file start_35.cif (mmCIF, N, CA and C atoms)
data_work
loop_
_atom_site.label_atom_id
_atom_site.label_comp_id
_atom_site.auth_asym_id
_atom_site.auth_seq_id
_atom_site.Cartn_x
_atom_site.Cartn_y
_atom_site.Cartn_z
N MET A 102 7.71 -0.45 16.09
CA MET A 102 8.57 -0.77 14.98
C MET A 102 9.57 0.36 14.77
N SER A 103 10.84 0.02 14.58
CA SER A 103 11.85 1.04 14.31
C SER A 103 11.71 1.52 12.87
N GLN A 104 12.41 2.57 12.55
CA GLN A 104 12.33 3.13 11.21
C GLN A 104 12.82 2.10 10.19
N PRO A 105 11.99 1.78 9.20
CA PRO A 105 12.38 0.79 8.20
C PRO A 105 13.37 1.37 7.19
N LEU A 106 14.14 0.52 6.57
CA LEU A 106 15.04 0.98 5.52
C LEU A 106 14.26 1.27 4.23
N VAL A 107 13.25 0.44 3.95
CA VAL A 107 12.48 0.54 2.71
C VAL A 107 11.01 0.78 3.01
N SER A 108 10.42 1.70 2.29
CA SER A 108 8.97 1.92 2.33
C SER A 108 8.40 1.52 0.98
N VAL A 109 7.47 0.58 0.99
CA VAL A 109 6.76 0.21 -0.22
C VAL A 109 5.42 0.92 -0.17
N VAL A 110 5.13 1.73 -1.19
CA VAL A 110 3.90 2.51 -1.24
C VAL A 110 2.99 1.89 -2.30
N ILE A 111 1.79 1.51 -1.87
CA ILE A 111 0.78 0.99 -2.80
C ILE A 111 -0.38 1.97 -2.85
N PRO A 112 -0.55 2.66 -4.00
CA PRO A 112 -1.76 3.45 -4.20
C PRO A 112 -2.84 2.51 -4.72
N ALA A 113 -4.01 2.54 -4.12
CA ALA A 113 -5.06 1.57 -4.48
C ALA A 113 -6.35 2.29 -4.85
N TYR A 114 -6.94 1.86 -5.96
CA TYR A 114 -8.24 2.38 -6.35
C TYR A 114 -9.02 1.30 -7.11
N ASN A 115 -10.08 0.82 -6.49
CA ASN A 115 -10.98 -0.17 -7.11
C ASN A 115 -10.25 -1.38 -7.69
N HIS A 116 -9.37 -1.94 -6.89
CA HIS A 116 -8.63 -3.14 -7.31
C HIS A 116 -8.84 -4.30 -6.33
N GLU A 117 -10.08 -4.50 -5.91
CA GLU A 117 -10.34 -5.57 -4.96
C GLU A 117 -9.87 -6.92 -5.46
N GLN A 118 -9.87 -7.14 -6.76
CA GLN A 118 -9.46 -8.44 -7.32
C GLN A 118 -7.95 -8.62 -7.31
N PHE A 119 -7.19 -7.52 -7.21
CA PHE A 119 -5.74 -7.60 -7.36
C PHE A 119 -4.93 -7.19 -6.14
N VAL A 120 -5.47 -6.30 -5.31
CA VAL A 120 -4.69 -5.70 -4.24
C VAL A 120 -4.16 -6.75 -3.25
N GLY A 121 -4.90 -7.81 -3.02
CA GLY A 121 -4.43 -8.86 -2.12
C GLY A 121 -3.17 -9.52 -2.64
N TYR A 122 -3.11 -9.74 -3.94
CA TYR A 122 -1.90 -10.32 -4.54
C TYR A 122 -0.72 -9.37 -4.41
N ALA A 123 -0.97 -8.07 -4.58
CA ALA A 123 0.10 -7.08 -4.43
C ALA A 123 0.64 -7.10 -2.99
N ILE A 124 -0.26 -7.07 -2.03
CA ILE A 124 0.15 -7.09 -0.62
C ILE A 124 0.92 -8.36 -0.29
N GLU A 125 0.40 -9.49 -0.70
CA GLU A 125 1.07 -10.76 -0.41
C GLU A 125 2.44 -10.84 -1.05
N SER A 126 2.60 -10.25 -2.24
CA SER A 126 3.90 -10.29 -2.90
C SER A 126 4.94 -9.47 -2.13
N VAL A 127 4.50 -8.42 -1.46
CA VAL A 127 5.42 -7.63 -0.63
C VAL A 127 5.74 -8.39 0.66
N LEU A 128 4.73 -8.90 1.32
CA LEU A 128 4.94 -9.61 2.58
C LEU A 128 5.77 -10.88 2.41
N ALA A 129 5.78 -11.45 1.22
CA ALA A 129 6.50 -12.71 0.97
C ALA A 129 7.99 -12.50 0.65
N GLN A 130 8.43 -11.26 0.58
CA GLN A 130 9.83 -11.01 0.27
C GLN A 130 10.74 -11.54 1.38
N THR A 131 11.92 -12.00 1.00
CA THR A 131 12.87 -12.48 2.02
C THR A 131 13.46 -11.30 2.79
N TYR A 132 13.57 -10.15 2.17
CA TYR A 132 14.03 -8.95 2.85
C TYR A 132 12.89 -8.44 3.72
N GLN A 133 13.14 -8.20 4.97
CA GLN A 133 12.06 -7.90 5.91
C GLN A 133 12.10 -6.50 6.52
N ASP A 134 13.12 -5.71 6.25
CA ASP A 134 13.24 -4.38 6.86
C ASP A 134 12.47 -3.35 6.03
N PHE A 135 11.14 -3.49 6.04
CA PHE A 135 10.30 -2.59 5.25
C PHE A 135 9.00 -2.28 5.97
N GLU A 136 8.37 -1.23 5.49
CA GLU A 136 6.99 -0.93 5.87
C GLU A 136 6.19 -0.93 4.57
N LEU A 137 4.92 -1.21 4.69
CA LEU A 137 4.03 -1.20 3.54
C LEU A 137 2.98 -0.12 3.78
N VAL A 138 3.05 0.95 3.00
CA VAL A 138 2.12 2.07 3.13
C VAL A 138 1.09 1.94 2.02
N ILE A 139 -0.16 1.72 2.40
CA ILE A 139 -1.23 1.56 1.41
C ILE A 139 -2.18 2.75 1.54
N VAL A 140 -2.39 3.44 0.42
CA VAL A 140 -3.31 4.57 0.41
C VAL A 140 -4.46 4.23 -0.52
N ASN A 141 -5.64 4.10 0.06
CA ASN A 141 -6.85 3.82 -0.70
C ASN A 141 -7.43 5.14 -1.19
N ASP A 142 -7.48 5.30 -2.50
CA ASP A 142 -7.91 6.56 -3.12
C ASP A 142 -9.41 6.59 -3.37
N GLY A 143 -10.18 6.33 -2.32
CA GLY A 143 -11.64 6.44 -2.42
C GLY A 143 -12.30 5.31 -3.19
N SER A 144 -11.78 4.12 -3.08
CA SER A 144 -12.37 2.98 -3.79
C SER A 144 -13.84 2.80 -3.44
N THR A 145 -14.62 2.40 -4.43
CA THR A 145 -16.04 2.17 -4.24
C THR A 145 -16.39 0.69 -4.26
N ASP A 146 -15.38 -0.16 -4.44
CA ASP A 146 -15.59 -1.61 -4.40
C ASP A 146 -15.12 -2.13 -3.05
N ARG A 147 -14.71 -3.38 -2.96
CA ARG A 147 -14.31 -3.99 -1.69
C ARG A 147 -12.79 -3.91 -1.44
N THR A 148 -12.12 -2.98 -2.08
CA THR A 148 -10.68 -2.84 -1.89
C THR A 148 -10.32 -2.66 -0.42
N GLU A 149 -11.04 -1.80 0.28
CA GLU A 149 -10.75 -1.55 1.69
C GLU A 149 -10.90 -2.82 2.52
N ARG A 150 -11.92 -3.59 2.28
CA ARG A 150 -12.14 -4.83 3.03
C ARG A 150 -10.98 -5.81 2.82
N VAL A 151 -10.51 -5.90 1.59
CA VAL A 151 -9.38 -6.80 1.30
C VAL A 151 -8.15 -6.34 2.06
N ILE A 152 -7.85 -5.05 2.00
CA ILE A 152 -6.66 -4.51 2.68
C ILE A 152 -6.75 -4.73 4.18
N GLN A 153 -7.90 -4.45 4.76
CA GLN A 153 -8.06 -4.58 6.21
C GLN A 153 -8.08 -6.03 6.66
N GLY A 154 -8.13 -6.96 5.74
CA GLY A 154 -8.07 -8.37 6.08
C GLY A 154 -6.67 -8.85 6.45
N TYR A 155 -5.68 -8.00 6.28
CA TYR A 155 -4.29 -8.35 6.60
C TYR A 155 -3.92 -7.79 7.97
N ASP A 156 -3.33 -8.64 8.79
CA ASP A 156 -2.92 -8.25 10.13
C ASP A 156 -1.41 -8.39 10.21
N ASP A 157 -0.72 -7.32 9.89
CA ASP A 157 0.74 -7.33 9.90
C ASP A 157 1.18 -5.94 10.35
N ASP A 158 2.04 -5.89 11.36
CA ASP A 158 2.47 -4.62 11.92
C ASP A 158 3.22 -3.73 10.93
N ARG A 159 3.70 -4.32 9.85
CA ARG A 159 4.43 -3.52 8.85
C ARG A 159 3.50 -2.76 7.92
N ILE A 160 2.21 -3.07 7.95
CA ILE A 160 1.24 -2.42 7.07
C ILE A 160 0.68 -1.18 7.75
N ARG A 161 0.73 -0.07 7.02
CA ARG A 161 0.10 1.18 7.46
C ARG A 161 -0.93 1.54 6.40
N TYR A 162 -2.19 1.61 6.80
CA TYR A 162 -3.29 1.83 5.86
C TYR A 162 -3.92 3.20 6.05
N TYR A 163 -4.17 3.88 4.92
CA TYR A 163 -4.79 5.20 4.94
C TYR A 163 -5.89 5.24 3.88
N TYR A 164 -6.94 5.96 4.19
CA TYR A 164 -8.04 6.17 3.24
C TYR A 164 -8.12 7.66 2.94
N GLN A 165 -8.45 7.99 1.71
CA GLN A 165 -8.70 9.38 1.34
C GLN A 165 -9.80 9.41 0.29
N GLU A 166 -10.48 10.53 0.19
CA GLU A 166 -11.42 10.72 -0.91
C GLU A 166 -10.64 10.69 -2.21
N ASN A 167 -11.28 10.31 -3.29
CA ASN A 167 -10.61 10.15 -4.58
C ASN A 167 -9.94 11.45 -5.01
N GLN A 168 -8.62 11.33 -5.29
CA GLN A 168 -7.82 12.49 -5.69
C GLN A 168 -6.97 12.23 -6.91
N ASP A 169 -6.96 11.10 -7.46
CA ASP A 169 -6.20 10.64 -8.63
C ASP A 169 -4.89 10.00 -8.22
N ALA A 170 -4.31 9.25 -9.14
CA ALA A 170 -3.12 8.45 -8.85
C ALA A 170 -1.93 9.32 -8.42
N TYR A 171 -1.72 10.41 -9.09
CA TYR A 171 -0.58 11.29 -8.79
C TYR A 171 -0.61 11.74 -7.33
N ASN A 172 -1.74 12.26 -6.89
CA ASN A 172 -1.85 12.74 -5.52
C ASN A 172 -1.80 11.59 -4.51
N THR A 173 -2.32 10.44 -4.88
CA THR A 173 -2.29 9.29 -3.99
C THR A 173 -0.87 8.80 -3.78
N ILE A 174 -0.11 8.72 -4.84
CA ILE A 174 1.30 8.32 -4.72
C ILE A 174 2.07 9.34 -3.89
N ASN A 175 1.86 10.62 -4.15
CA ASN A 175 2.55 11.65 -3.38
C ASN A 175 2.18 11.59 -1.89
N ARG A 176 0.93 11.30 -1.60
CA ARG A 176 0.55 11.17 -0.19
C ARG A 176 1.27 9.99 0.44
N GLY A 177 1.31 8.87 -0.27
CA GLY A 177 2.01 7.70 0.25
C GLY A 177 3.47 7.99 0.51
N ILE A 178 4.11 8.70 -0.41
CA ILE A 178 5.52 9.06 -0.23
C ILE A 178 5.68 9.97 1.00
N SER A 179 4.75 10.90 1.18
CA SER A 179 4.86 11.80 2.33
C SER A 179 4.68 11.07 3.66
N LEU A 180 3.97 9.96 3.65
CA LEU A 180 3.75 9.17 4.86
C LEU A 180 4.86 8.15 5.11
N ALA A 181 5.65 7.88 4.09
CA ALA A 181 6.70 6.86 4.19
C ALA A 181 7.78 7.29 5.16
N GLN A 182 8.32 6.33 5.90
CA GLN A 182 9.36 6.61 6.88
C GLN A 182 10.70 5.99 6.50
N GLY A 183 10.74 5.20 5.44
CA GLY A 183 11.96 4.53 5.05
C GLY A 183 12.95 5.44 4.35
N LYS A 184 14.18 4.99 4.30
CA LYS A 184 15.23 5.72 3.60
C LYS A 184 15.04 5.61 2.08
N PHE A 185 14.54 4.46 1.65
CA PHE A 185 14.29 4.20 0.23
C PHE A 185 12.80 3.95 0.03
N ILE A 186 12.29 4.40 -1.11
CA ILE A 186 10.86 4.24 -1.40
C ILE A 186 10.68 3.48 -2.70
N ALA A 187 9.77 2.52 -2.65
CA ALA A 187 9.39 1.76 -3.84
C ALA A 187 7.89 1.91 -4.04
N ILE A 188 7.49 2.14 -5.27
CA ILE A 188 6.07 2.26 -5.60
C ILE A 188 5.63 0.95 -6.25
N LEU A 189 4.53 0.39 -5.76
CA LEU A 189 3.96 -0.82 -6.36
C LEU A 189 2.48 -0.56 -6.60
N ASN A 190 2.07 -0.54 -7.85
CA ASN A 190 0.65 -0.35 -8.13
C ASN A 190 -0.16 -1.52 -7.59
N SER A 191 -1.39 -1.24 -7.24
CA SER A 191 -2.21 -2.24 -6.57
C SER A 191 -2.65 -3.39 -7.47
N ASP A 192 -2.35 -3.33 -8.75
CA ASP A 192 -2.64 -4.45 -9.63
C ASP A 192 -1.36 -5.08 -10.17
N ASP A 193 -0.23 -4.85 -9.48
CA ASP A 193 1.05 -5.46 -9.83
C ASP A 193 1.55 -6.30 -8.67
N VAL A 194 2.55 -7.11 -8.93
CA VAL A 194 3.16 -7.94 -7.88
C VAL A 194 4.67 -7.91 -8.00
N TYR A 195 5.33 -8.14 -6.89
CA TYR A 195 6.79 -8.31 -6.88
C TYR A 195 7.09 -9.76 -7.14
#
call {"tool": "encode", "arguments": {"input": "start_35.cif", "output": "structure tokens"}}
result
Amino acid sequence: MSQPLVSVVIPAYNHEQFVGYAIESVLAQTYQDFELVIVNDGSTDRTERVIQGYDDDRIRYYYQENQDAYNTINRGISLAQGKFIAILNSDDVY
């Protein structure tokens, strides 16, 4: 995949009930020049299983021990390759 114009960063923590809707709302956009960077902040529920259920080359998934939302967002931003960055919480949708 070439460098995307937009990086969507989803910090996720214990949102197994919502994270799938967040991911689907990004993948359903008509604009397609993006990557989706998901950072799991040490979830103890099935958040990881939900995320790994998606097979899309635009998704980049990372796991880390729990570090809080601030550090999780910053890690996602540091991993992003796009010119523009959008943050989407794992319990929100576009």
call {"tool": "resolve_selection", "arguments": {"input": "start_35.cif", "expression": "the PyMOL selection byres ((chain A and resi 190) around 8)", "output": "PyMOL selection string"}}
result
chain A and resi 110-114+119-120+123-124+187-189+191-194
call {"tool": "atom_distance", "arguments": {"input": "start_35.cif", "atom1": "atom CA of Thr173 of chain A", "atom2": "atom CA of Thr131 of chain A"}}
result
27.2 Å
call {"tool": "atom_distance", "arguments": {"input": "start_35.cif", "atom1": "atom N of Ile152 of chain A", "atom2": "atom CA of Gln182 of chain A"}}
result
21.4 Å
call {"tool": "residues_near_point", "arguments": {"input": "start_35.cif", "point": "(-2.4, 7.1, 1.1)", "cutoff": "6 Å", "atoms": "only N, CA and C atoms", "output": "list in words"}}
result
Ile139, Val140, Asn141, Tyr163, Tyr164, Thr173, Arg176 and Gly177 of chain A
call {"tool": "atom_distance", "arguments": {"input": "start_35.cif", "atom1": "atom CA of Asp146 of chain A", "atom2": "atom CA of Gln118 of chain A"}}
result
9.6 Å
call {"tool": "closest_residue", "arguments": {"input": "start_35.cif", "among": "A:Leu128, A:Leu180, A:Ile174, A:Leu137", "to": "Arg159 of chain A", "atoms": "all atoms listed in the file"}}
result
A:Leu137
call {"tool": "resolve_selection", "arguments": {"input": "start_35.cif", "expression": "the PyMOL selection byres (((chain A and resi 150 and name CA) around 12) and name CA)", "output": "list in words"}}
result
Asn115, His116, Glu117, Gln118, Val120, Gly121, Asn141, Ser144, Thr145, Asp146, Arg147, Thr148, Glu149, Val151, Ile152, Gln153, Gly154, Tyr155, Tyr162 and Tyr164 of chain A
call {"tool": "resolve_selection", "arguments": {"input": "start_35.cif", "expression": "the PyMOL selection byres ((chain A and resi 166-168) around 5)", "output": "PyMOL selection string"}}
result
chain A and resi 142-143+164-165+169-170
call {"tool": "write_last_selection", "arguments": {"input": "start_35.cif", "atoms": "N, CA and C atoms", "output": "PDB file, keeping the file's coordinate frame"}}
result
ATOM      1  N   ASP A 142      -7.480   5.300  -2.500  1.00  0.00           N
ATOM      2  CA  ASP A 142      -7.910   6.560  -3.120  1.00  0.00           C
ATOM      3  C   ASP A 142      -9.410   6.590  -3.370  1.00  0.00           C
ATOM      4  N   GLY A 143     -10.180   6.330  -2.320  1.00  0.00           N
ATOM      5  CA  GLY A 143     -11.640   6.440  -2.420  1.00  0.00           C
ATOM      6  C   GLY A 143     -12.300   5.310  -3.190  1.00  0.00           C
ATOM      7  N   TYR A 164      -6.940   5.960   4.190  1.00  0.00           N
ATOM      8  CA  TYR A 164      -8.040   6.170   3.240  1.00  0.00           C
ATOM      9  C   TYR A 164      -8.120   7.660   2.940  1.00  0.00           C
ATOM     10  N   GLN A 165      -8.450   7.990   1.710  1.00  0.00           N
ATOM     11  CA  GLN A 165      -8.700   9.380   1.340  1.00  0.00           C
ATOM     12  C   GLN A 165      -9.800   9.410   0.290  1.00  0.00           C
ATOM     13  N   ASP A 169      -6.960  11.100  -7.460  1.00  0.00           N
ATOM     14  CA  ASP A 169      -6.200  10.640  -8.630  1.00  0.00           C
ATOM     15  C   ASP A 169      -4.890  10.000  -8.220  1.00  0.00           C
ATOM     16  N   ALA A 170      -4.310   9.250  -9.140  1.00  0.00           N
ATOM     17  CA  ALA A 170      -3.120   8.450  -8.850  1.00  0.00           C
ATOM     18  C   ALA A 170      -1.930   9.320  -8.420  1.00  0.00           C
TER      19      ALA A 170
END
call {"tool": "closest_residue", "arguments": {"input": "start_35.cif", "among": "A:Tyr122, A:Val107, A:Ile160, A:Ile178", "to": "Asp134 of chain A", "atoms": "only N, CA and C atoms"}}
result
A:Val107
call {"tool": "select_by_dssp", "arguments": {"input": "start_35.cif", "residues": "chain A", "states": "alpha helix (DSSP H)", "output": "list in words"}}
result
Val120, Gly121, Tyr122, Ala123, Ile124, Glu125, Ser126, Val127, Leu128, Thr148, Glu149, Arg150, Val151, Ile152, Gln153, Ala170, Tyr171, Asn172, Thr173, Ile174, Asn175, Arg176, Gly177, Ile178, Ser179 and Leu180 of chain A
call {"tool": "write_last_selection", "arguments": {"input": "start_35.cif", "atoms": "N, CA and C atoms", "output": "PDB file, keeping the file's coordinate frame"}}
result
ATOM      1  N   VAL A 120      -5.470  -6.300  -5.310  1.00  0.00           N
ATOM      2  CA  VAL A 120      -4.690  -5.700  -4.240  1.00  0.00           C
ATOM      3  C   VAL A 120      -4.160  -6.750  -3.250  1.00  0.00           C
ATOM      4  N   GLY A 121      -4.900  -7.810  -3.020  1.00  0.00           N
ATOM      5  CA  GLY A 121      -4.430  -8.860  -2.120  1.00  0.00           C
ATOM      6  C   GLY A 121      -3.170  -9.520  -2.640  1.00  0.00           C
ATOM      7  N   TYR A 122      -3.110  -9.740  -3.940  1.00  0.00           N
ATOM      8  CA  TYR A 122      -1.900 -10.320  -4.540  1.00  0.00           C
ATOM      9  C   TYR A 122      -0.720  -9.370  -4.410  1.00  0.00           C
ATOM     10  N   ALA A 123      -0.970  -8.070  -4.580  1.00  0.00           N
ATOM     11  CA  ALA A 123       0.100  -7.080  -4.430  1.00  0.00           C
ATOM     12  C   ALA A 123       0.640  -7.100  -2.990  1.00  0.00           C
ATOM     13  N   ILE A 124      -0.260  -7.070  -2.030  1.00  0.00           N
ATOM     14  CA  ILE A 124       0.150  -7.090  -0.620  1.00  0.00           C
ATOM     15  C   ILE A 124       0.920  -8.360  -0.290  1.00  0.00           C
ATOM     16  N   GLU A 125       0.400  -9.490  -0.700  1.00  0.00           N
ATOM     17  CA  GLU A 125       1.070 -10.760  -0.410  1.00  0.00           C
ATOM     18  C   GLU A 125       2.440 -10.840  -1.050  1.00  0.00           C
ATOM     19  N   SER A 126       2.600 -10.250  -2.240  1.00  0.00           N
ATOM     20  CA  SER A 126       3.900 -10.290  -2.900  1.00  0.00           C
ATOM     21  C   SER A 126       4.940  -9.470  -2.130  1.00  0.00           C
ATOM     22  N   VAL A 127       4.500  -8.420  -1.460  1.00  0.00           N
ATOM     23  CA  VAL A 127       5.420  -7.630  -0.630  1.00  0.00           C
ATOM     24  C   VAL A 127       5.740  -8.390   0.660  1.00  0.00           C
ATOM     25  N   LEU A 128       4.730  -8.900   1.320  1.00  0.00           N
ATOM     26  CA  LEU A 128       4.940  -9.610   2.580  1.00  0.00           C
ATOM     27  C   LEU A 128       5.770 -10.880   2.410  1.00  0.00           C
ATOM     28  N   THR A 148     -12.120  -2.980  -2.080  1.00  0.00           N
ATOM     29  CA  THR A 148     -10.680  -2.840  -1.890  1.00  0.00           C
ATOM     30  C   THR A 148     -10.320  -2.660  -0.420  1.00  0.00           C
ATOM     31  N   GLU A 149     -11.040  -1.800   0.280  1.00  0.00           N
ATOM     32  CA  GLU A 149     -10.750  -1.550   1.690  1.00  0.00           C
ATOM     33  C   GLU A 149     -10.900  -2.820   2.520  1.00  0.00           C
ATOM     34  N   ARG A 150     -11.920  -3.590   2.280  1.00  0.00           N
ATOM     35  CA  ARG A 150     -12.140  -4.830   3.030  1.00  0.00           C
ATOM     36  C   ARG A 150     -10.980  -5.810   2.820  1.00  0.00           C
ATOM     37  N   VAL A 151     -10.510  -5.900   1.590  1.00  0.00           N
ATOM     38  CA  VAL A 151      -9.380  -6.800   1.300  1.00  0.00           C
ATOM     39  C   VAL A 151      -8.150  -6.340   2.060  1.00  0.00           C
ATOM     40  N   ILE A 152      -7.850  -5.050   2.000  1.00  0.00           N
ATOM     41  CA  ILE A 152      -6.660  -4.510   2.680  1.00  0.00           C
ATOM     42  C   ILE A 152      -6.750  -4.730   4.180  1.00  0.00           C
ATOM     43  N   GLN A 153      -7.900  -4.450   4.760  1.00  0.00           N
ATOM     44  CA  GLN A 153      -8.060  -4.580   6.210  1.00  0.00           C
ATOM     45  C   GLN A 153      -8.080  -6.030   6.660  1.00  0.00           C
ATOM     46  N   ALA A 170      -4.310   9.250  -9.140  1.00  0.00           N
ATOM     47  CA  ALA A 170      -3.120   8.450  -8.850  1.00  0.00           C
ATOM     48  C   ALA A 170      -1.930   9.320  -8.420  1.00  0.00           C
ATOM     49  N   TYR A 171      -1.720  10.410  -9.090  1.00  0.00           N
ATOM     50  CA  TYR A 171      -0.580  11.290  -8.790  1.00  0.00           C
ATOM     51  C   TYR A 171      -0.610  11.740  -7.330  1.00  0.00           C
ATOM     52  N   ASN A 172      -1.740  12.260  -6.890  1.00  0.00           N
ATOM     53  CA  ASN A 172      -1.850  12.740  -5.520  1.00  0.00           C
ATOM     54  C   ASN A 172      -1.800  11.590  -4.510  1.00  0.00           C
ATOM     55  N   THR A 173      -2.320  10.440  -4.880  1.00  0.00           N
ATOM     56  CA  THR A 173      -2.290   9.290  -3.990  1.00  0.00           C
ATOM     57  C   THR A 173      -0.870   8.800  -3.780  1.00  0.00           C
ATOM     58  N   ILE A 174      -0.110   8.720  -4.840  1.00  0.00           N
ATOM     59  CA  ILE A 174       1.300   8.320  -4.720  1.00  0.00           C
ATOM     60  C   ILE A 174       2.070   9.340  -3.890  1.00  0.00           C
ATOM     61  N   ASN A 175       1.860  10.620  -4.150  1.00  0.00           N
ATOM     62  CA  ASN A 175       2.550  11.650  -3.380  1.00  0.00           C
ATOM     63  C   ASN A 175       2.180  11.590  -1.890  1.00  0.00           C
ATOM     64  N   ARG A 176       0.930  11.300  -1.600  1.00  0.00           N
ATOM     65  CA  ARG A 176       0.550  11.170  -0.190  1.00  0.00           C
ATOM     66  C   ARG A 176       1.270   9.990   0.440  1.00  0.00           C
ATOM     67  N   GLY A 177       1.310   8.870  -0.270  1.00  0.00           N
ATOM     68  CA  GLY A 177       2.010   7.700   0.250  1.00  0.00           C
ATOM     69  C   GLY A 177       3.470   7.990   0.510  1.00  0.00           C
ATOM     70  N   ILE A 178       4.110   8.700  -0.410  1.00  0.00           N
ATOM     71  CA  ILE A 178       5.520   9.060  -0.230  1.00  0.00           C
ATOM     72  C   ILE A 178       5.680   9.970   1.000  1.00  0.00           C
ATOM     73  N   SER A 179       4.750  10.900   1.180  1.00  0.00           N
ATOM     74  CA  SER A 179       4.860  11.800   2.330  1.00  0.00           C
ATOM     75  C   SER A 179       4.680  11.070   3.660  1.00  0.00           C
ATOM     76  N   LEU A 180       3.970   9.960   3.650  1.00  0.00           N
ATOM     77  CA  LEU A 180       3.750   9.170   4.860  1.00  0.00           C
ATOM     78  C   LEU A 180       4.860   8.150   5.110  1.00  0.00           C
TER      79      LEU A 180
END
call {"tool": "build_atoms", "arguments": {"input": "start_35.cif", "residues": "segment 159-170 of chain A", "atoms": "N, CA, C and O atoms", "output": "PDB file, keeping the file's coordinate frame"}}
result
ATOM      1  N   ARG A 159       3.700  -4.320   9.850  1.00  0.00           N
ATOM      2  CA  ARG A 159       4.430  -3.520   8.850  1.00  0.00           C
ATOM      3  C   ARG A 159       3.500  -2.760   7.920  1.00  0.00           C
ATOM      4  O   ARG A 159       3.938  -1.906   7.169  1.00  0.00           O
ATOM      5  N   ILE A 160       2.210  -3.070   7.950  1.00  0.00           N
ATOM      6  CA  ILE A 160       1.240  -2.420   7.070  1.00  0.00           C
ATOM      7  C   ILE A 160       0.680  -1.180   7.750  1.00  0.00           C
ATOM      8  O   ILE A 160       0.216  -1.231   8.886  1.00  0.00           O
ATOM      9  N   ARG A 161       0.730  -0.070   7.020  1.00  0.00           N
ATOM     10  CA  ARG A 161       0.100   1.180   7.460  1.00  0.00           C
ATOM     11  C   ARG A 161      -0.930   1.540   6.400  1.00  0.00           C
ATOM     12  O   ARG A 161      -0.583   1.772   5.253  1.00  0.00           O
ATOM     13  N   TYR A 162      -2.190   1.610   6.800  1.00  0.00           N
ATOM     14  CA  TYR A 162      -3.290   1.830   5.860  1.00  0.00           C
ATOM     15  C   TYR A 162      -3.920   3.200   6.050  1.00  0.00           C
ATOM     16  O   TYR A 162      -4.159   3.630   7.175  1.00  0.00           O
ATOM     17  N   TYR A 163      -4.170   3.880   4.920  1.00  0.00           N
ATOM     18  CA  TYR A 163      -4.790   5.200   4.940  1.00  0.00           C
ATOM     19  C   TYR A 163      -5.890   5.240   3.880  1.00  0.00           C
ATOM     20  O   TYR A 163      -5.743   4.665   2.800  1.00  0.00           O
ATOM     21  N   TYR A 164      -6.940   5.960   4.190  1.00  0.00           N
ATOM     22  CA  TYR A 164      -8.040   6.170   3.240  1.00  0.00           C
ATOM     23  C   TYR A 164      -8.120   7.660   2.940  1.00  0.00           C
ATOM     24  O   TYR A 164      -7.908   8.493   3.820  1.00  0.00           O
ATOM     25  N   GLN A 165      -8.450   7.990   1.710  1.00  0.00           N
ATOM     26  CA  GLN A 165      -8.700   9.380   1.340  1.00  0.00           C
ATOM     27  C   GLN A 165      -9.800   9.410   0.290  1.00  0.00           C
ATOM     28  O   GLN A 165     -10.038   8.412  -0.398  1.00  0.00           O
ATOM     29  N   GLU A 166     -10.480  10.530   0.190  1.00  0.00           N
ATOM     30  CA  GLU A 166     -11.420  10.720  -0.910  1.00  0.00           C
ATOM     31  C   GLU A 166     -10.640  10.690  -2.210  1.00  0.00           C
ATOM     32  O   GLU A 166      -9.463  11.070  -2.237  1.00  0.00           O
ATOM     33  N   ASN A 167     -11.280  10.310  -3.290  1.00  0.00           N
ATOM     34  CA  ASN A 167     -10.610  10.150  -4.580  1.00  0.00           C
ATOM     35  C   ASN A 167      -9.940  11.450  -5.010  1.00  0.00           C
ATOM     36  O   ASN A 167     -10.560  12.503  -5.059  1.00  0.00           O
ATOM     37  N   GLN A 168      -8.620  11.330  -5.290  1.00  0.00           N
ATOM     38  CA  GLN A 168      -7.820  12.490  -5.690  1.00  0.00           C
ATOM     39  C   GLN A 168      -6.970  12.230  -6.910  1.00  0.00           C
ATOM     40  O   GLN A 168      -6.203  13.095  -7.302  1.00  0.00           O
ATOM     41  N   ASP A 169      -6.960  11.100  -7.460  1.00  0.00           N
ATOM     42  CA  ASP A 169      -6.200  10.640  -8.630  1.00  0.00           C
ATOM     43  C   ASP A 169      -4.890  10.000  -8.220  1.00  0.00           C
ATOM     44  O   ASP A 169      -4.420  10.155  -7.102  1.00  0.00           O
ATOM     45  N   ALA A 170      -4.310   9.250  -9.140  1.00  0.00           N
ATOM     46  CA  ALA A 170      -3.120   8.450  -8.850  1.00  0.00           C
ATOM     47  C   ALA A 170      -1.930   9.320  -8.420  1.00  0.00           C
ATOM     48  O   ALA A 170      -1.210   8.975  -7.480  1.00  0.00           O
TER      49      ALA A 170
END
